[in-house]
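Novice: What follows is target.csv, CSV, C-alpha atoms and all ligand atoms.
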```csv
chain,number,residue,atom,x,y,z
A,112,MET,CA,53.3,92.3,109.2
A,113,ASN,CA,55.6,95.3,108.6
A,114,ILE,CA,57.6,96.3,105.5
A,115,LEU,CA,61.2,96.9,106.3
A,116,ILE,CA,63.1,99.2,103.9
A,117,ASP,CA,66.8,98.9,104.5
A,118,MET,CA,68.1,102.4,103.4
A,119,ILE,CA,71.7,101.4,104.3
A,120,LYS,CA,71.6,98.4,101.8
A,121,LEU,CA,69.8,100.5,99.2
A,122,ARG,CA,72.5,103.2,99.2
A,123,ALA,CA,75.2,100.5,99.0
A,124,ALA,CA,73.4,98.9,96.1
A,125,MET,CA,73.2,102.3,94.3
A,126,ILE,CA,77.0,102.9,94.9
A,127,GLU,CA,77.8,99.5,93.5
A,128,ASN,CA,75.5,99.9,90.5
A,129,PRO,CA,74.8,103.6,89.7
A,130,SER,CA,72.2,102.6,87.1
A,131,ILE,CA,69.9,101.3,89.8
A,132,THR,CA,66.7,103.2,89.9
A,133,LEU,CA,65.0,102.9,93.2
A,134,PRO,CA,61.3,102.1,93.0
A,135,GLU,CA,59.1,104.7,94.7
A,136,ALA,CA,56.4,103.9,97.1
A,137,TYR,CA,54.0,105.7,99.3
A,138,PHE,CA,51.7,104.8,102.1
A,139,TYR,CA,49.1,107.0,103.8
A,140,PRO,CA,45.9,106.1,105.6
A,141,ASP,CA,44.5,109.2,103.7
A,142,ILE,CA,46.6,110.2,100.8
A,143,ASN,CA,45.0,113.7,100.6
A,144,ILE,CA,46.3,114.7,104.0
A,145,ASN,CA,50.0,114.8,103.2
A,146,GLY,CA,50.2,114.9,99.4
A,147,LEU,CA,52.2,112.4,97.3
A,148,LYS,CA,55.5,112.0,99.0
A,149,THR,CA,57.5,108.9,98.6
A,150,ILE,CA,58.7,106.7,101.5
A,151,ARG,CA,62.3,107.7,100.7
A,152,GLU,CA,61.6,111.4,101.1
A,153,LEU,CA,59.8,110.8,104.4
A,154,ALA,CA,62.6,108.5,105.6
A,155,ALA,CA,65.3,110.9,104.6
A,156,PHE,CA,63.8,113.8,106.5
A,157,SER,CA,62.9,111.7,109.5
A,158,PHE,CA,66.1,109.8,109.9
A,159,SER,CA,69.2,111.0,108.0
A,160,CYS,CA,68.5,114.8,108.0
A,161,ARG,CA,70.8,116.6,110.5
A,162,ARG,CA,68.0,119.0,111.4
A,163,CYS,CA,70.3,122.0,111.0
A,164,GLU,CA,69.5,124.9,113.4
A,165,ASP,CA,69.6,127.5,110.6
A,166,ALA,CA,68.6,125.1,107.9
A,167,PRO,CA,70.1,126.3,104.6
A,168,CYS,CA,67.5,124.2,102.7
A,169,ILE,CA,64.7,126.4,104.2
A,170,SER,CA,66.6,129.7,103.6
A,171,VAL,CA,67.4,128.9,100.0
A,172,CYS,CA,63.9,127.7,99.0
A,173,PRO,CA,62.3,130.4,96.8
A,174,ALA,CA,58.8,129.1,97.3
A,175,GLU,CA,58.8,128.8,101.1
A,176,ALA,CA,57.9,125.2,100.6
A,177,LEU,CA,60.1,123.8,103.4
A,178,GLU,CA,59.2,124.1,107.0
A,179,LYS,CA,60.7,122.7,110.2
A,180,VAL,CA,57.7,121.3,112.1
A,181,GLU,CA,57.3,121.0,115.8
A,182,SER,CA,59.1,117.7,116.0
A,183,GLY,CA,62.2,119.3,114.3
A,184,ILE,CA,61.6,117.4,111.1
A,185,ILE,CA,61.7,119.2,107.8
A,186,GLU,CA,58.5,119.0,105.9
A,187,ARG,CA,58.0,119.9,102.2
A,188,HIS,CA,54.7,121.4,101.2
A,189,THR,CA,54.0,119.8,97.9
A,190,ASN,CA,51.5,122.5,96.8
A,191,LEU,CA,54.3,125.2,97.1
A,192,CYS,CA,57.3,123.3,95.9
A,193,VAL,CA,58.3,124.2,92.3
A,194,SER,CA,60.9,121.5,92.0
A,195,CYS,CA,63.8,123.9,91.5
A,196,LYS,CA,66.1,121.6,93.6
A,197,SER,CA,68.0,124.4,95.2
A,198,CYS,CA,67.5,122.6,98.5
A,199,VAL,CA,69.2,119.5,97.1
A,200,THR,CA,72.2,121.5,96.0
A,201,ILE,CA,72.7,123.5,99.2
A,202,CYS,CA,72.2,120.7,101.7
A,203,PRO,CA,75.7,120.0,103.0
A,204,PHE,CA,74.9,116.4,104.0
A,205,GLY,CA,73.3,115.1,100.8
A,206,THR,CA,70.1,114.4,102.6
A,207,MET,CA,67.8,114.8,99.6
A,208,MET,CA,67.9,113.3,96.2
A,209,SER,CA,66.7,115.3,93.2
A,210,ASP,CA,64.1,112.8,92.2
A,211,PHE,CA,62.2,113.4,95.4
A,212,PHE,CA,60.8,116.5,93.7
A,213,GLU,CA,59.5,115.2,90.4
A,214,HIS,CA,56.0,116.4,89.8
A,215,ARG,CA,55.2,113.7,87.2
A,216,ARG,CA,55.9,110.2,88.3
A,217,ASN,CA,55.9,107.1,86.3
A,218,ARG,CA,52.9,105.1,87.5
A,219,ASP,CA,54.6,101.8,86.5
A,220,ASN,CA,57.3,102.5,89.1
A,221,LEU,CA,55.1,103.9,91.8
A,222,TYR,CA,53.8,101.6,94.4
A,223,ASP,CA,50.9,102.2,96.8
A,224,LEU,CA,51.8,100.3,99.9
A,225,ASN,CA,48.2,100.4,101.1
A,226,PHE,CA,47.6,97.5,98.7
A,227,GLU,CA,49.0,93.9,99.2
A,228,SER,CA,49.5,93.5,95.4
A,229,ASP,CA,51.6,96.6,95.2
A,230,ILE,CA,53.6,95.6,98.3
A,231,ALA,CA,54.5,92.3,96.6
A,232,ARG,CA,55.4,94.1,93.3
A,233,PHE,CA,57.4,96.7,95.2
A,234,ILE,CA,59.5,94.1,97.0
A,235,MET,CA,60.2,92.3,93.8
A,236,SER,CA,61.3,95.5,92.0
A,237,CYS,CA,63.8,96.5,94.8
A,238,PRO,CA,67.4,95.5,94.8
A,239,GLU,CA,67.6,92.0,96.4
A,240,GLY,CA,67.5,92.0,100.2
A,241,THR,CA,66.7,95.7,100.6
A,242,VAL,CA,63.0,95.3,101.3
A,243,THR,CA,61.5,92.5,103.3
A,244,LEU,CA,58.4,91.7,105.4
A,245,ILE,CA,59.0,91.3,109.1
A,246,GLU,CA,56.9,90.7,112.2
A,247,SER,CA,59.0,92.6,114.6
A,248,GLU,CA,58.7,96.2,115.8
A,249,GLU,CA,61.4,98.8,116.2
A,250,VAL,CA,64.9,97.5,117.0
A,251,PRO,CA,67.0,100.6,117.7
A,252,GLU,CA,70.1,98.5,118.4
A,253,ASN,CA,69.8,97.2,114.8
A,254,ASN,CA,69.1,100.7,113.5
A,255,ILE,CA,65.5,99.8,112.7
A,256,TYR,CA,62.9,102.5,113.4
A,257,ARG,CA,59.2,102.9,112.6
A,258,LEU,CA,58.3,105.4,109.9
A,259,ASN,CA,54.6,104.9,109.9
A,260,GLU,CA,52.1,102.2,110.8
A,261,LYS,CA,53.1,100.0,107.9
A,262,VAL,CA,56.8,100.8,107.3
A,263,LEU,CA,60.0,100.3,109.3
A,264,ILE,CA,63.2,101.9,108.1
A,265,ARG,CA,66.8,100.7,108.7
A,266,ASP,CA,69.1,103.6,108.6
A,267,PHE,CA,71.8,105.4,110.6
A,268,VAL,CA,69.9,108.0,112.5
A,269,TYR,CA,71.4,111.3,113.2
A,270,SER,CA,68.8,112.7,115.6
A,271,THR,CA,69.8,112.5,119.2
A,272,GLU,CA,66.1,111.8,120.0
A,273,LYS,CA,66.4,108.4,118.4
A,274,GLN,CA,69.8,107.4,119.9
B,1,LIG,S1,62.9,121.9,95.2
B,1,LIG,FE1,61.0,122.6,96.2
B,1,LIG,S2,61.5,122.5,98.4
B,1,LIG,FE2,63.4,122.4,97.3
B,1,LIG,S3,64.1,124.6,97.2
B,1,LIG,FE3,63.0,124.2,95.3
B,1,LIG,S4,60.9,124.8,95.7
B,1,LIG,FE4,61.9,124.6,97.7
B,2,LIG,S1,70.2,121.4,105.0
B,2,LIG,FE1,70.1,119.2,104.7
B,2,LIG,S2,70.6,118.3,106.7
B,2,LIG,FE2,70.2,120.5,107.1
B,2,LIG,S3,68.0,120.6,107.7
B,2,LIG,FE3,68.1,120.8,105.4
B,2,LIG,S4,67.8,118.7,104.6
B,2,LIG,FE4,68.4,118.5,106.8
```
Render the structure in this file as structure tokens.
Ligand code: SF4
Ligand code: SF4

Specialist:
Amino acid sequence: MNILIDMIKLRAAMIENPSITLPEAYFYPDININGLKTIRELAAFSFSCRRCEDAPCISVCPAEALEKVESGIIERHTNLCVSCKSCVTICPFGTMMSDFFEHRRNRDNLYDLNFESDIARFIMSCPEGTVTLIESEEVPENNIYRLNEKVLIRDFVYSTEKQ
């Protein structure tokens, strides 16, 4: 069973009701490898980031915390990031949201998708219809792509690799 997070519906829900706070979730086979990054951050860099050639987010970062890795995806080194949010301000496409960079997270709103109990609570806390459990795999014609072994994302993908 996969978790499908519908980023298109989530954004629409946020526009309709600006007071909505999106619950945060993470999933790693080994959390120590990549640091604590939320599913939304990983999804934004993987799917909606334009992968600018001379990425202004990288140039502006005072801590050299952003790097374009071999796949072309921007990766944030959490041990270097000082949460200044300069990258959020300079990105011309609004890829990032400032709450990606909070160092202290509210454990009550942070779900570890490695655990079934957290998955159920995460789904219940999301805006209705934005997160579901599905059996199917990637369905590119429906804008559904795999983020990791547990999570599928529905979003409009900019990368030509995914089109
Ligand atoms: S928020 Fe972090 S990644 Fe972004 S510019 Fe500041 S230090 Fe760099
Ligand atoms: S500036 Fe924005 S769109 Fe461009 S690479 Fe950075 S995050 Fe992606």

Novice: When you count only C-alpha atoms and all ligand atoms, which of these residues is closest to ligand LIG 2 (chain B): A:Cys198, A:Ala124, A:Leu224, A:Leu191?

Specialist: A:Cys198

Novice: If you measure from atom CA of A:Ala155 to atom CA of A:Met112, what distance in Å do you get, rounded to one decimal?

Specialist: 22.6 Å

Novice: Go through chain A residue by residue and, counting only C-alpha atoms and all ligand atoms, keep those with an atom at most 12 Å from ligand LIG 1 (chain B); for each kept residue give the shortest atom pair and its distance in Å to one decimal, ordered by chain and increasing number, as CSV.

Specialist:
```
residue,atom,partner,partner_atom,distance
A:Glu152,CA,B:LIG1,S2,11.4
A:Ala166,CA,B:LIG1,S3,11.6
A:Pro167,CA,B:LIG1,S3,9.7
A:Cys168,CA,B:LIG1,S3,6.5
A:Ile169,CA,B:LIG1,S3,7.3
A:Ser170,CA,B:LIG1,S3,8.6
A:Val171,CA,B:LIG1,S3,6.1
A:Cys172,CA,B:LIG1,S3,3.6
A:Pro173,CA,B:LIG1,S4,5.9
A:Ala174,CA,B:LIG1,S4,5.0
A:Glu175,CA,B:LIG1,FE4,6.2
A:Ala176,CA,B:LIG1,FE4,5.0
A:Leu177,CA,B:LIG1,S2,5.4
A:Glu178,CA,B:LIG1,S2,9.0
A:Lys179,CA,B:LIG1,S2,11.8
A:Ile185,CA,B:LIG1,S2,10.0
A:Glu186,CA,B:LIG1,S2,8.8
A:Arg187,CA,B:LIG1,S2,5.8
A:His188,CA,B:LIG1,S2,7.4
A:Thr189,CA,B:LIG1,FE1,7.7
A:Asn190,CA,B:LIG1,FE1,9.5
A:Leu191,CA,B:LIG1,S4,6.8
A:Cys192,CA,B:LIG1,FE1,3.8
A:Val193,CA,B:LIG1,S4,4.3
A:Ser194,CA,B:LIG1,S1,3.8
A:Cys195,CA,B:LIG1,FE3,3.9
A:Lys196,CA,B:LIG1,S1,3.6
A:Ser197,CA,B:LIG1,S3,4.4
A:Cys198,CA,B:LIG1,S3,4.2
A:Val199,CA,B:LIG1,FE2,6.5
A:Thr200,CA,B:LIG1,S3,8.8
A:Ile201,CA,B:LIG1,S3,8.9
A:Cys202,CA,B:LIG1,FE2,10.0
A:Thr206,CA,B:LIG1,FE2,11.7
A:Met207,CA,B:LIG1,FE2,9.1
A:Met208,CA,B:LIG1,S1,10.0
A:Ser209,CA,B:LIG1,S1,7.9
A:Asp210,CA,B:LIG1,S1,9.7
A:Phe211,CA,B:LIG1,S1,8.5
A:Phe212,CA,B:LIG1,S1,6.0
A:Glu213,CA,B:LIG1,S1,8.9
A:His214,CA,B:LIG1,FE1,10.2
```

Novice: Applying 12 Å and all atoms listed in the file, which residues near stretch 246-254 of chain A remain after dropping the ones on its own chain fewer than 4 positions away? List them as a list of chain:residue names.

Specialist: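 Residues near the query, excluding close chain neighbours: A:Met112, A:Asn113, A:Ile114, A:Leu115, A:Ile116, A:Asp117, A:Met118, A:Ile119, A:Phe158, A:Ser159, A:Leu258, A:Asn259, A:Glu260, A:Lys261, A:Val262, A:Leu263, A:Ile264, A:Arg265, A:Asp266, A:Phe267, A:Val268, A:Tyr269, A:Glu272, A:Lys273, A:Gln274.
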
Novice: Could you check which of A:Arg161, A:Lys148, A:Lys120, A:Arg257 is closest to ligand LIG 2 (chain B), using only C-alpha atoms and all ligand atoms?

Specialist: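 Closest to ligand LIG 2 (chain B), using only C-alpha atoms and all ligand atoms: A:Arg161.
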
Novice: List every protein, DNA or RNA residue with an atom no more than 10 Å from (72.8, 99.2, 96.7) in the file's coordinates, counting all atoms listed in the file, and format the result as a list of chain:residue names.

Specialist: A:Asp117, A:Met118, A:Ile119, A:Lys120, A:Leu121, A:Arg122, A:Ala123, A:Ala124, A:Met125, A:Ile126, A:Glu127, A:Asn128, A:Pro129, A:Ile131, A:Thr132, A:Leu133, A:Cys237, A:Pro238, A:Glu239, A:Gly240, A:Thr241

Novice: Any idea what the distance is between atom CA of A:Tyr222 and atom CA of A:Ala136?

Specialist: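 Here the two named atoms are 4.4 Å from each other.
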
Novice: Please determine, counting all atoms listed in the file, which residue among A:Arg151, A:Ile234, A:Ile255, A:Glu164 has the shortest atom-to-atom distance to ligand LIG 2 (chain B).

Specialist: A:Glu164

Novice: Check the smallest atom-to-atom distance from each of A:Pro203, A:Glu181, A:Glu135, A:Leu153 to ligand LIG 2 (chain B) using only C-alpha atoms and all ligand atoms, then report the winner.

Specialist: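 Closest to ligand LIG 2 (chain B), using only C-alpha atoms and all ligand atoms: A:Pro203.
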
Novice: Work out how far apart atom CA of A:Phe204 and atom CA of A:Arg162 are and give it in Å to one decimal.

Specialist: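 Atom-to-atom, atom CA of A:Phe204 and atom CA of A:Arg162 are spaced 10.4 Å apart.
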
Novice: Restricting the calculation to all atoms listed in the file: of A:Ile150, A:Leu244, A:Ile184, A:Cys160, which residue gets closest to A:Glu227?

Specialist: A:Leu244

Novice: Please produce stretch 154-184 of chain A, completed to N, CA and C atoms, as a tab-separated table (two decimals), in the frame of the given file.

Specialist:
```tsv
chain	number	residue	atom	x	y	z
A	154	ALA	N	61.52	109.11	104.81
A	154	ALA	CA	62.60	108.50	105.60
A	154	ALA	C	63.80	109.38	105.70
A	155	ALA	N	64.15	110.05	104.60
A	155	ALA	CA	65.30	110.90	104.60
A	155	ALA	C	65.14	112.07	105.59
A	156	PHE	N	63.99	112.72	105.55
A	156	PHE	CA	63.80	113.80	106.50
A	156	PHE	C	63.62	113.34	107.91
A	157	SER	N	63.06	112.16	108.09
A	157	SER	CA	62.90	111.70	109.50
A	157	SER	C	64.12	111.15	110.10
A	158	PHE	N	65.02	110.52	109.31
A	158	PHE	CA	66.10	109.80	109.90
A	158	PHE	C	67.52	110.32	109.57
A	159	SER	N	67.77	110.67	108.31
A	159	SER	CA	69.20	111.00	108.00
A	159	SER	C	69.38	112.55	107.96
A	160	CYS	N	68.34	113.35	107.90
A	160	CYS	CA	68.50	114.80	108.00
A	160	CYS	C	69.10	115.23	109.29
A	161	ARG	N	70.06	116.15	109.25
A	161	ARG	CA	70.80	116.60	110.50
A	161	ARG	C	69.98	117.63	111.25
A	162	ARG	N	68.86	118.04	110.72
A	162	ARG	CA	68.00	119.00	111.40
A	162	ARG	C	68.80	120.29	111.77
A	163	CYS	N	69.49	120.84	110.79
A	163	CYS	CA	70.30	122.00	111.00
A	163	CYS	C	69.55	123.12	111.70
A	164	GLU	N	70.23	123.81	112.60
A	164	GLU	CA	69.50	124.90	113.40
A	164	GLU	C	69.05	125.98	112.42
A	165	ASP	N	69.99	126.53	111.64
A	165	ASP	CA	69.60	127.50	110.60
A	165	ASP	C	69.58	126.83	109.30
A	166	ALA	N	68.58	126.02	109.08
A	166	ALA	CA	68.60	125.10	107.90
A	166	ALA	C	68.74	125.82	106.62
A	167	PRO	N	69.87	125.60	105.91
A	167	PRO	CA	70.10	126.30	104.60
A	167	PRO	C	69.04	125.86	103.58
A	168	CYS	N	68.51	124.66	103.69
A	168	CYS	CA	67.50	124.20	102.70
A	168	CYS	C	66.26	125.12	102.81
A	169	ILE	N	65.91	125.51	104.02
A	169	ILE	CA	64.70	126.40	104.20
A	169	ILE	C	65.04	127.77	103.68
A	170	SER	N	66.24	128.30	104.02
A	170	SER	CA	66.60	129.70	103.60
A	170	SER	C	66.62	129.79	102.07
A	171	VAL	N	67.14	128.75	101.40
A	171	VAL	CA	67.40	128.90	100.00
A	171	VAL	C	66.06	128.67	99.15
A	172	CYS	N	65.09	128.05	99.77
A	172	CYS	CA	63.90	127.70	99.00
A	172	CYS	C	63.14	129.00	98.56
A	173	PRO	N	62.97	129.16	97.26
A	173	PRO	CA	62.30	130.40	96.80
A	173	PRO	C	60.82	130.37	96.92
A	174	ALA	N	60.28	129.24	97.29
A	174	ALA	CA	58.80	129.10	97.30
A	174	ALA	C	58.28	128.94	98.75
A	175	GLU	N	59.18	129.06	99.73
A	175	GLU	CA	58.80	128.80	101.10
A	175	GLU	C	58.06	127.51	101.29
A	176	ALA	N	58.59	126.52	100.60
A	176	ALA	CA	57.90	125.20	100.60
A	176	ALA	C	58.44	124.30	101.72
A	177	LEU	N	59.57	124.66	102.33
A	177	LEU	CA	60.10	123.80	103.40
A	177	LEU	C	59.88	124.46	104.75
A	178	GLU	N	59.52	123.61	105.69
A	178	GLU	CA	59.20	124.10	107.00
A	178	GLU	C	59.74	123.11	108.03
A	179	LYS	N	60.28	123.63	109.14
A	179	LYS	CA	60.70	122.70	110.20
A	179	LYS	C	59.47	122.64	111.17
A	180	VAL	N	58.89	121.48	111.27
A	180	VAL	CA	57.70	121.30	112.10
A	180	VAL	C	58.08	121.13	113.56
A	181	GLU	N	57.11	121.07	114.40
A	181	GLU	CA	57.30	121.00	115.80
A	181	GLU	C	58.31	119.94	116.28
A	182	SER	N	58.24	118.81	115.62
A	182	SER	CA	59.10	117.70	116.00
A	182	SER	C	60.56	117.92	115.56
A	183	GLY	N	60.81	119.00	114.78
A	183	GLY	CA	62.20	119.30	114.30
A	183	GLY	C	62.43	118.71	112.93
A	184	ILE	N	61.46	117.97	112.42
A	184	ILE	CA	61.60	117.40	111.10
A	184	ILE	C	61.25	118.37	110.01
```
